[in-house]
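Shown next, in structure tokens, is the structure this report addresses.
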Amino acid sequence: MLRGDVSIDVSQIVERINELFNVTNKEIYASESGVTYHADKEVKKIGYCVSLTLETIEEARIHGVDMMITHHDAWDEIYGLKEACTEKLAAYGISHYYNHLPLDDCNFGTNDSLIKKLNLEIINY
């Protein structure tokens with residue numbers, strides 16, 4: 001949740017998140033992160049979860065969330081889920097941003113954290 005009565009635009013939030021990443025391949029970055037729905041309203045409350053699903057959107061609605069930030073977008077492999085999620089986001093006026101591969105591959109992300117926990121070292125060829 002944002003502090004007090006502060007509200008901010010979705011694009012400002014996305015810009016701030018993108019500043020955290022050293023983007024070397026903009027094409028891959030754009031295909032693995034981004035805004036899937038923009039409700040075109042100020043954000044006062046943000047919700048975060050790992051994957052966008054119909055259930056997580058419903059939880060966001062119950063808790064008065066204006067924008068969801070997730071690691072995974074709705075899975076394309078589950079027929080119709082992405083479309084159904086987008087429709088529900090629109091119906092509830094909730095914006096959504098996801099950041100998959102860039103978050104996995106950054107110096108504070110999943111891959112780097114696992115390498116550190118396993119005491120491994122990256123060898124570049």
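Going through the structure tokens in order, the chains are called A, B, and so on, while each chain numbers its residues from 1 and the ligands are numbered from 1 in the order shown.
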Next on the checklist: If we count only C-alpha atoms and set the cut-off at 9 Å, which residues sit around Ser11 in chain A, ignoring sequence neighbours fewer than 4 positions away in its own chain? Please answer as a list in words.
Outcome noted: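 Counting only the stated atoms, we get Glu15, Arg16 and Val35 of chain A.
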Next on the checklist: I'd like the contact shell of Trp75 in chain A - 10 Å cut-off, only C-alpha atoms, skipping same-chain residues fewer than 2 positions apart - returned as an MDAnalysis selection string.
Outcome noted: chainID A and resid 51:53 72:73 77:82 85
Next on the checklist: Based on the backbone DSSP call, show me all residues of chain A assigned strand (DSSP E), as JSON, numbers by chain.
Outcome noted: {"A": [33, 34, 35, 36, 37, 46, 47, 48, 49, 50, 51, 67, 68, 69, 70, 71, 72, 95, 96, 97, 98, 99]}
For the residues selected in the previous step, produce a file with N, CA, C and O atoms as a CSV table (one decimal), in the first residue's frame.
chain,number,residue,atom,x,y,z
A,33,SER,N,7.8,-8.8,-19.8
A,33,SER,CA,7.3,-7.9,-18.7
A,33,SER,C,6.4,-6.9,-19.4
A,33,SER,O,6.5,-6.6,-20.6
A,34,GLY,N,5.6,-6.2,-18.6
A,34,GLY,CA,4.8,-5.1,-19.1
A,34,GLY,C,3.4,-5.0,-18.5
A,34,GLY,O,3.0,-5.8,-17.6
A,35,VAL,N,2.8,-4.0,-18.9
A,35,VAL,CA,1.4,-3.7,-18.5
A,35,VAL,C,0.5,-4.5,-19.3
A,35,VAL,O,0.5,-4.4,-20.5
A,36,THR,N,-0.3,-5.4,-18.7
A,36,THR,CA,-1.3,-6.2,-19.5
A,36,THR,C,-2.7,-5.5,-19.5
A,36,THR,O,-3.5,-5.7,-20.4
A,37,TYR,N,-2.9,-4.7,-18.5
A,37,TYR,CA,-4.2,-3.9,-18.4
A,37,TYR,C,-3.9,-2.6,-17.7
A,37,TYR,O,-3.3,-2.6,-16.6
A,46,ILE,N,-1.5,-1.0,-4.0
A,46,ILE,CA,-0.9,-2.0,-4.8
A,46,ILE,C,-1.0,-3.3,-4.1
A,46,ILE,O,-0.7,-3.5,-3.0
A,47,GLY,N,-1.3,-4.4,-4.9
A,47,GLY,CA,-1.2,-5.7,-4.4
A,47,GLY,C,-0.1,-6.5,-5.2
A,47,GLY,O,0.1,-6.2,-6.4
A,48,TYR,N,0.5,-7.4,-4.6
A,48,TYR,CA,1.6,-8.2,-5.2
A,48,TYR,C,1.3,-9.7,-5.0
A,48,TYR,O,1.0,-10.1,-3.9
A,49,CYS,N,1.5,-10.5,-6.0
A,49,CYS,CA,1.5,-11.9,-5.9
A,49,CYS,C,2.3,-12.5,-7.0
A,49,CYS,O,2.8,-11.8,-7.9
A,50,VAL,N,2.6,-13.8,-7.0
A,50,VAL,CA,3.4,-14.5,-7.9
A,50,VAL,C,2.8,-14.6,-9.3
A,50,VAL,O,3.4,-14.2,-10.3
A,51,SER,N,1.6,-15.0,-9.4
A,51,SER,CA,0.9,-15.3,-10.7
A,51,SER,C,-0.4,-14.6,-10.8
A,51,SER,O,-1.2,-14.6,-9.8
A,67,MET,N,-3.9,-1.6,-8.4
A,67,MET,CA,-3.0,-2.1,-9.3
A,67,MET,C,-2.4,-3.4,-8.7
A,67,MET,O,-1.9,-3.4,-7.6
A,68,MET,N,-2.3,-4.4,-9.6
A,68,MET,CA,-1.6,-5.7,-9.2
A,68,MET,C,-0.2,-5.7,-9.9
A,68,MET,O,-0.1,-5.4,-11.1
A,69,ILE,N,0.8,-6.1,-9.1
A,69,ILE,CA,2.1,-6.4,-9.7
A,69,ILE,C,2.4,-7.8,-9.4
A,69,ILE,O,2.3,-8.3,-8.3
A,70,THR,N,2.7,-8.6,-10.5
A,70,THR,CA,3.0,-10.0,-10.4
A,70,THR,C,4.3,-10.4,-11.1
A,70,THR,O,4.8,-9.6,-11.9
A,71,HIS,N,4.8,-11.5,-10.7
A,71,HIS,CA,6.0,-12.1,-11.3
A,71,HIS,C,5.5,-12.7,-12.7
A,71,HIS,O,6.1,-12.4,-13.7
A,72,HIS,N,4.5,-13.5,-12.7
A,72,HIS,CA,4.0,-14.1,-13.9
A,72,HIS,C,2.7,-13.4,-14.4
A,72,HIS,O,1.8,-13.1,-13.6
A,95,SER,N,-5.4,-2.2,-12.6
A,95,SER,CA,-4.3,-2.2,-13.6
A,95,SER,C,-3.4,-3.4,-13.2
A,95,SER,O,-3.5,-3.9,-12.1
A,96,HIS,N,-2.7,-3.9,-14.2
A,96,HIS,CA,-1.8,-5.1,-13.9
A,96,HIS,C,-0.5,-4.9,-14.7
A,96,HIS,O,-0.4,-4.5,-15.8
A,97,TYR,N,0.6,-5.1,-13.9
A,97,TYR,CA,2.0,-5.2,-14.5
A,97,TYR,C,2.6,-6.4,-14.0
A,97,TYR,O,2.5,-6.8,-12.9
A,98,TYR,N,3.3,-7.1,-14.9
A,98,TYR,CA,4.1,-8.3,-14.5
A,98,TYR,C,5.5,-8.1,-15.0
A,98,TYR,O,5.8,-7.4,-15.9
A,99,ASN,N,6.4,-8.8,-14.3
A,99,ASN,CA,7.9,-8.8,-14.6
A,99,ASN,C,8.4,-10.2,-14.4
A,99,ASN,O,8.8,-10.5,-13.3
Checklist entry - At what distance in Å, to one decimal, does CA of Tyr29 in chain A lie from CA of Ile123 in chain A? => result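 Straight-line distance from CA of Ile123 in chain A to CA of Tyr29 in chain A works out to 23.3 Å.
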Compile a residue-level contact table for range 71-99 of chain A against range 59-66 of chain A at a cut-off of 8 Å, reporting for every qualifying residue the shortest atom pair and its distance in Å to one decimal, with only C-alpha atoms counted, rows ordered by chain and ascending number, as a tab-separated table.
residue	atom	partner	partner_atom	distance
A:Tyr92	CA	A:Arg61	CA	6.7
A:Gly93	CA	A:Asp66	CA	7.1
A:Ile94	CA	A:Asp66	CA	4.9
A:Ser95	CA	A:Asp66	CA	6.3
